[in-house]
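Structure below is my_file_13.tsv: TSV, C-alpha atoms.
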```tsv
chain	number	residue	atom	x	y	z
A	296	GLY	CA	39.63	211.89	173.79
A	297	ARG	CA	39.66	211.66	170.05
A	298	GLU	CA	36.14	213.08	169.61
A	299	GLU	CA	36.95	216.07	171.81
A	300	GLY	CA	40.07	216.77	169.75
A	301	TRP	CA	38.00	216.59	166.55
A	302	ARG	CA	35.50	219.08	167.97
A	303	GLU	CA	38.31	221.46	168.92
A	304	ARG	CA	39.72	221.30	165.39
A	305	VAL	CA	36.27	221.99	163.90
A	306	GLN	CA	35.77	224.96	166.23
A	307	GLU	CA	39.13	226.35	165.15
A	308	VAL	CA	38.19	226.25	161.43
A	309	GLU	CA	34.55	227.20	161.91
A	310	GLY	CA	35.29	230.88	161.37
A	311	SER	CA	37.19	230.13	158.15
A	312	ILE	CA	34.29	227.99	156.89
A	313	LEU	CA	31.80	230.80	157.54
A	314	THR	CA	34.10	233.34	155.86
A	315	GLY	CA	34.42	231.14	152.76
A	316	PHE	CA	30.63	230.77	152.60
A	317	GLN	CA	30.13	234.53	152.96
A	318	LEU	CA	32.60	235.25	150.16
A	319	SER	CA	30.87	232.79	147.82
A	320	ALA	CA	27.42	234.17	148.71
A	321	MET	CA	28.54	237.76	148.07
A	322	SER	CA	29.83	236.90	144.59
A	323	GLY	CA	27.99	234.08	142.83
A	324	PRO	CA	29.50	232.18	139.87
A	325	LEU	CA	26.91	233.29	137.28
A	326	CYS	CA	27.27	237.08	137.31
A	327	GLU	CA	29.53	237.70	140.33
A	328	GLU	CA	26.46	239.09	142.12
A	329	PRO	CA	25.13	238.26	145.62
A	330	MET	CA	23.19	234.99	145.89
A	331	GLU	CA	19.92	234.56	147.77
A	332	GLY	CA	17.63	231.64	148.53
A	333	VAL	CA	20.52	229.16	148.29
A	334	VAL	CA	21.32	226.61	151.03
A	335	PHE	CA	24.66	224.83	151.40
A	336	VAL	CA	24.74	221.71	153.58
A	337	VAL	CA	28.01	220.53	155.17
A	338	ASP	CA	27.65	216.77	155.63
A	339	ASP	CA	31.02	216.04	157.21
A	340	VAL	CA	34.37	217.59	158.17
A	341	ARG	CA	37.46	215.41	157.87
A	342	PHE	CA	41.11	216.08	158.72
A	343	SER	CA	43.88	214.12	157.01
A	344	GLY	CA	47.08	213.30	158.85
A	345	THR	CA	47.91	212.47	162.43
A	346	SER	CA	46.46	214.37	165.36
A	347	ASP	CA	49.79	216.13	165.98
A	348	GLU	CA	50.02	217.23	162.32
A	349	VAL	CA	46.45	218.51	162.33
A	350	ALA	CA	46.99	220.36	165.62
A	351	ALA	CA	50.16	221.97	164.27
A	352	SER	CA	48.49	223.12	161.04
A	353	THR	CA	45.22	224.52	162.44
A	354	ASP	CA	46.65	227.83	163.53
A	355	THR	CA	43.87	230.43	163.48
A	356	TYR	CA	46.14	233.13	162.05
A	357	GLY	CA	48.39	230.89	159.95
A	358	PRO	CA	48.23	229.84	156.27
A	359	TRP	CA	45.74	227.08	157.18
A	360	SER	CA	42.97	229.64	157.66
A	361	GLY	CA	43.36	231.10	154.16
A	362	GLN	CA	43.46	227.63	152.60
A	363	VAL	CA	40.18	226.67	154.29
A	364	ILE	CA	38.52	229.93	153.20
A	365	SER	CA	39.60	229.42	149.58
A	366	ALA	CA	38.53	225.76	149.54
A	367	ILE	CA	35.08	226.50	151.01
A	368	LYS	CA	34.51	229.40	148.63
A	369	GLU	CA	35.36	227.38	145.52
A	370	GLY	CA	33.44	224.37	146.85
A	371	CYS	CA	30.28	226.44	147.34
A	372	ARG	CA	30.57	227.91	143.84
A	373	ALA	CA	31.10	224.47	142.28
A	374	SER	CA	28.16	222.94	144.17
A	375	PHE	CA	25.91	225.81	143.05
A	376	LEU	CA	26.83	225.20	139.40
A	377	ALA	CA	26.13	221.48	139.83
A	378	GLY	CA	22.55	222.12	141.00
A	379	GLU	CA	19.56	223.96	139.52
A	380	ARG	CA	21.11	227.24	138.42
A	381	ARG	CA	18.72	230.17	138.31
A	382	LEU	CA	19.00	233.95	137.99
A	383	VAL	CA	16.93	236.52	139.89
A	384	GLU	CA	16.01	239.65	137.93
A	385	ALA	CA	14.54	242.99	138.98
A	386	VAL	CA	11.02	243.72	137.70
A	387	PHE	CA	8.79	246.77	137.31
A	388	ASP	CA	5.08	247.07	138.01
A	389	CYS	CA	3.94	248.43	134.64
A	390	GLN	CA	0.61	250.11	133.84
A	391	VAL	CA	-0.16	250.88	130.20
A	392	THR	CA	-3.09	253.14	129.31
A	393	THR	CA	-4.28	253.00	125.72
A	394	GLN	CA	-7.34	253.32	123.48
A	395	VAL	CA	-9.28	250.33	122.21
A	396	ASP	CA	-8.02	250.66	118.63
A	397	SER	CA	-4.37	250.54	119.81
A	398	LEU	CA	-4.82	247.68	122.28
A	399	GLY	CA	-3.33	245.01	120.00
A	400	LYS	CA	-0.27	247.09	119.20
A	401	ALA	CA	0.34	247.72	122.90
A	402	TYR	CA	0.17	243.98	123.62
A	403	SER	CA	2.61	243.34	120.78
A	404	VAL	CA	5.19	245.70	122.31
A	405	LEU	CA	4.77	244.14	125.76
A	406	SER	CA	5.05	240.55	124.53
A	407	LYS	CA	8.35	241.29	122.78
A	408	ARG	CA	9.74	242.51	126.11
A	409	ARG	CA	8.73	239.44	128.17
A	410	ALA	CA	5.97	241.29	130.02
A	411	ARG	CA	3.58	239.15	132.09
A	412	VAL	CA	0.06	240.56	131.99
A	413	LEU	CA	-1.78	240.50	135.34
A	414	ASP	CA	-5.00	242.36	134.61
A	415	GLU	CA	-6.85	244.34	131.97
A	416	THR	CA	-9.61	246.81	132.85
A	417	ILE	CA	-11.68	249.39	130.99
A	418	ARG	CA	-12.56	252.73	132.48
A	419	ASP	CA	-16.30	253.24	132.88
A	420	GLY	CA	-17.89	255.34	130.15
A	421	THR	CA	-14.75	255.46	127.98
A	422	ASP	CA	-12.93	253.30	125.46
A	423	THR	CA	-9.68	253.52	127.47
A	424	PHE	CA	-8.03	250.28	128.62
A	425	VAL	CA	-5.54	249.93	131.47
A	426	ILE	CA	-3.14	246.98	131.23
A	427	SER	CA	-1.37	245.92	134.44
A	428	CYS	CA	1.70	243.75	133.93
A	429	ILE	CA	5.11	242.78	135.31
A	430	LEU	CA	8.00	244.01	133.13
A	431	PRO	CA	11.67	243.00	133.63
A	432	VAL	CA	13.90	245.99	134.26
A	433	VAL	CA	16.41	244.82	131.64
A	434	GLU	CA	13.63	244.88	129.02
A	435	SER	CA	12.21	248.26	130.05
A	436	PHE	CA	14.73	250.53	128.35
A	437	GLY	CA	12.96	252.42	125.57
A	438	VAL	CA	9.56	250.85	126.21
A	439	VAL	CA	7.83	254.25	126.59
A	440	ASP	CA	9.11	255.52	123.24
A	441	ASP	CA	8.33	252.18	121.60
A	442	LEU	CA	4.73	252.27	122.84
A	443	ARG	CA	4.24	255.83	121.63
A	444	LYS	CA	5.72	255.01	118.23
A	445	GLN	CA	3.69	251.83	117.66
A	446	THR	CA	0.39	253.34	118.86
A	447	SER	CA	0.92	256.81	117.32
A	448	GLY	CA	0.98	258.40	120.77
A	449	ALA	CA	-2.23	256.71	122.00
A	450	ALA	CA	-0.51	254.71	124.77
A	451	THR	CA	1.19	255.91	127.94
A	452	CYS	CA	3.24	253.87	130.38
A	453	GLN	CA	3.99	254.16	134.09
A	454	LEU	CA	6.72	252.10	135.77
A	455	THR	CA	7.26	251.52	139.50
A	456	MET	CA	9.77	249.18	141.13
A	457	SER	CA	8.06	245.93	142.11
A	458	GLY	CA	10.85	243.67	143.41
A	459	TRP	CA	12.66	240.57	142.21
A	460	GLU	CA	11.52	237.44	140.40
A	461	LEU	CA	13.16	234.08	139.76
A	462	MET	CA	13.80	233.30	136.10
A	463	ASP	CA	12.46	229.86	135.21
A	464	THR	CA	15.13	228.90	132.65
A	465	ASP	CA	18.61	227.44	133.18
A	466	PRO	CA	21.30	229.55	131.46
A	467	PHE	CA	23.48	226.42	131.07
A	468	TRP	CA	20.83	223.95	129.87
A	469	VAL	CA	22.19	221.17	127.64
A	470	PRO	CA	20.41	218.13	126.13
A	471	LEU	CA	21.10	214.94	128.09
A	472	SER	CA	18.65	212.22	127.02
A	473	GLU	CA	18.95	210.36	123.73
A	474	GLU	CA	15.79	211.97	122.35
A	475	GLU	CA	17.03	215.47	123.22
A	476	LEU	CA	20.43	214.79	121.65
A	477	GLU	CA	18.82	213.56	118.41
A	478	ASP	CA	16.21	216.32	118.06
A	479	THR	CA	18.13	219.32	119.42
A	480	ASP	CA	20.38	221.71	117.52
A	481	GLN	CA	22.11	224.91	118.63
A	482	SER	CA	19.06	227.09	117.95
A	483	ASP	CA	16.92	224.86	120.20
A	484	ILE	CA	19.54	225.10	122.95
A	485	ASP	CA	19.57	228.90	122.70
A	486	ILE	CA	15.77	228.99	122.92
A	487	ALA	CA	15.75	226.67	125.95
A	488	ARG	CA	18.35	228.79	127.73
A	489	GLY	CA	16.27	231.80	126.81
A	490	ALA	CA	16.44	235.20	128.43
A	491	ALA	CA	18.42	233.88	131.41
A	492	ARG	CA	21.51	233.26	129.28
A	493	ARG	CA	21.16	236.61	127.51
A	494	CYS	CA	20.88	238.46	130.82
A	495	MET	CA	23.85	236.58	132.27
A	496	ASP	CA	26.03	237.27	129.22
A	497	THR	CA	25.02	240.96	129.22
A	498	VAL	CA	26.05	241.39	132.86
A	499	ARG	CA	29.29	239.46	132.41
A	500	MET	CA	30.24	241.50	129.33
A	501	ARG	CA	29.56	244.74	131.20
A	502	LYS	CA	31.84	243.58	134.03
A	503	GLY	CA	34.58	242.35	131.71
A	504	LEU	CA	34.11	238.69	132.65
A	505	VAL	CA	34.56	235.68	130.36
A	506	VAL	CA	31.60	235.05	128.03
A	507	GLN	CA	31.17	231.91	125.96
A	508	ARG	CA	29.87	232.90	122.56
A	509	LYS	CA	30.53	232.23	118.89
A	510	LEU	CA	32.14	235.07	116.99
A	511	VAL	CA	31.28	233.45	113.64
A	512	SER	CA	28.02	231.49	113.58
A	513	ALA	CA	28.12	230.31	109.96
A	514	ALA	CA	31.63	230.41	108.53
A	515	GLU	CA	30.59	228.92	105.18
A	516	LYS	CA	28.34	231.93	104.55
A	517	GLN	CA	31.12	234.48	104.97
A	518	ARG	CA	32.40	236.18	101.84
A	519	THR	CA	34.95	238.81	101.02
A	520	ARG	CA	33.94	241.85	99.05
A	521	SER	CA	35.93	242.32	95.89
A	522	LYS	CA	37.74	245.60	95.52
A	523	ARG	CA	36.38	247.86	92.86
A	524	LYS	CA	38.95	248.67	90.23
```
Please re-express this file's structure in structure tokens.
Amino acid sequence: GREEGWRERVQEVEGSILTGFQLSAMSGPLCEEPMEGVVFVVDDVRFSGTSDEVAASTDTYGPWSGQVISAIKEGCRASFLAGERRLVEAVFDCQVTTQVDSLGKAYSVLSKRRARVLDETIRDGTDTFVISCILPVVESFGVVDDLRKQTSGAATCQLTMSGWELMDTDPFWVPLSEEELEDTDQSDIDIARGAARRCMDTVRMRKGLVVQRKLVSAAEKQRTRSKRK
């Protein structure tokens, strides 16, 4: 009866639902990159209109199919933005070899590039230290030259692809509670969003996508140079 007709309608749009999900998963809303580790739950499927109208509109190859695909795609993207939004970044397995007198300078270079130190060992019978750490790929450009410059050539670096890691900051974080609204200014928001927002904006700018940023941060500090006569 009615339940069997509902099941038939769902089976007819099932392919369109899966296609919409696949399109949204292939191009996420943050950087238009593939998503992973995200689950979408469909709680219910409802059809508006009479049974004859629904049966006439659920043509597999008609305009109904494209409308379902578009609705599911945009719905998945909107639900992702409403949840805990996180980026996944590529990371290197980094090994830095340096002398004991340049150890502090090497750590200074690594800390500025968001490196996460895993281990530090000293080679037997020498004053050479080996630092093992995880270094984000986006922060690795120029790290070898920077280490050599800061340590006067005493440090060497070796990078190998390690995999992917989840960034622990929300690129869209905003203060919500009364205490956060009172004690938070724009600089605090930028710090809370952290590297995730910078990485997202960098990728979006490279792809020509819309980026929300201020062109003039302090308009009252702008001045015009007077022309020399």
Nearest to Glu434 in chain A, chosen from A:Ser406, A:Ser447, A:Ser397, A:Thr421, with all atoms listed in the file counted in the distances: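 Counting all atoms listed in the file, the residue closest to Glu434 in chain A is A:Ser406.
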Minimum-distance residue to Asp465 in chain A, chosen among A:Leu325, A:Ile367, A:Ile312, A:Val412 (using all atoms listed in the file):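 Result for the nearest residue to Asp465 in chain A: A:Leu325.
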With only C-alpha atoms as the counted atoms, please give the residues lying no more than 10 Å from Asp414 in chain A, apart from itself and same-chain residues fewer than 4 positions off, as a PDB file with C-alpha atoms, keeping the file's coordinate frame.
```pdb
ATOM      1  CA  GLN A 390       0.610 250.110 133.840  1.00  0.00           C
ATOM      2  CA  VAL A 425      -5.540 249.930 131.470  1.00  0.00           C
ATOM      3  CA  ILE A 426      -3.140 246.980 131.230  1.00  0.00           C
ATOM      4  CA  SER A 427      -1.370 245.920 134.440  1.00  0.00           C
ATOM      5  CA  CYS A 428       1.700 243.750 133.930  1.00  0.00           C
TER       6      CYS A 428
END
```
Residue contacts of Ala320 in chain A (9 Å, all atoms listed in the file) excluding same-chain residues fewer than 3 positions away, as a PDB file with C-alpha atoms, keeping the file's coordinate frame:
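Below is the file result_12.pdb, written as the result:
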```
ATOM      1  CA  GLY A 315      34.420 231.140 152.760  1.00  0.00           C
ATOM      2  CA  PHE A 316      30.630 230.770 152.600  1.00  0.00           C
ATOM      3  CA  GLN A 317      30.130 234.530 152.960  1.00  0.00           C
ATOM      4  CA  GLY A 323      27.990 234.080 142.830  1.00  0.00           C
ATOM      5  CA  GLU A 328      26.460 239.090 142.120  1.00  0.00           C
ATOM      6  CA  PRO A 329      25.130 238.260 145.620  1.00  0.00           C
ATOM      7  CA  MET A 330      23.190 234.990 145.890  1.00  0.00           C
ATOM      8  CA  GLU A 331      19.920 234.560 147.770  1.00  0.00           C
ATOM      9  CA  VAL A 333      20.520 229.160 148.290  1.00  0.00           C
ATOM     10  CA  LYS A 368      34.510 229.400 148.630  1.00  0.00           C
ATOM     11  CA  CYS A 371      30.280 226.440 147.340  1.00  0.00           C
ATOM     12  CA  ARG A 372      30.570 227.910 143.840  1.00  0.00           C
TER      13      ARG A 372
END
```
Neighbour residues at most 12 Å from (2.5, 244.4, 121.3) (only C-alpha atoms) as a list in words: Val391, Thr393, Ser397, Leu398, Gly399, Lys400, Ala401, Tyr402, Ser403, Val404, Leu405, Ser406, Lys407, Arg408, Arg409, Ala410, Val412, Ile426, Val438, Asp441, Leu442, Arg443, Lys444, Gln445, Thr446 and Ala450 of chain A
So for range 375-393 of chain A, what box centre and size do we get, axis-aligned, 3 Å extra on each of the six sides, every listed atom, Å to one decimal, as lines of an AutoDock Vina configuration file?
```
center_x = 11.3
center_y = 237.3
center_z = 134.4
size_x = 37.1
size_y = 37.7
size_z = 23.3
```
Surrounding residues of Leu454 in chain A excluding itself and chain neighbours under 3 positions, 9 Å, only C-alpha atoms, as a ChimeraX atom specification: /A:387-391,430,435,457
Interatomic distance (Å, one decimal) between CA of Arg499 in chain A and CA of Leu382 in chain A: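 A separation of 12.9 Å between them.
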Atomic distance CA of Phe335 in chain A - CA of Glu299 in chain A, expressed in Å with one decimal: 25.4 Å
Separation of CA of Val433 in chain A from CA of Ala385 in chain A in Å: 7.8 Å
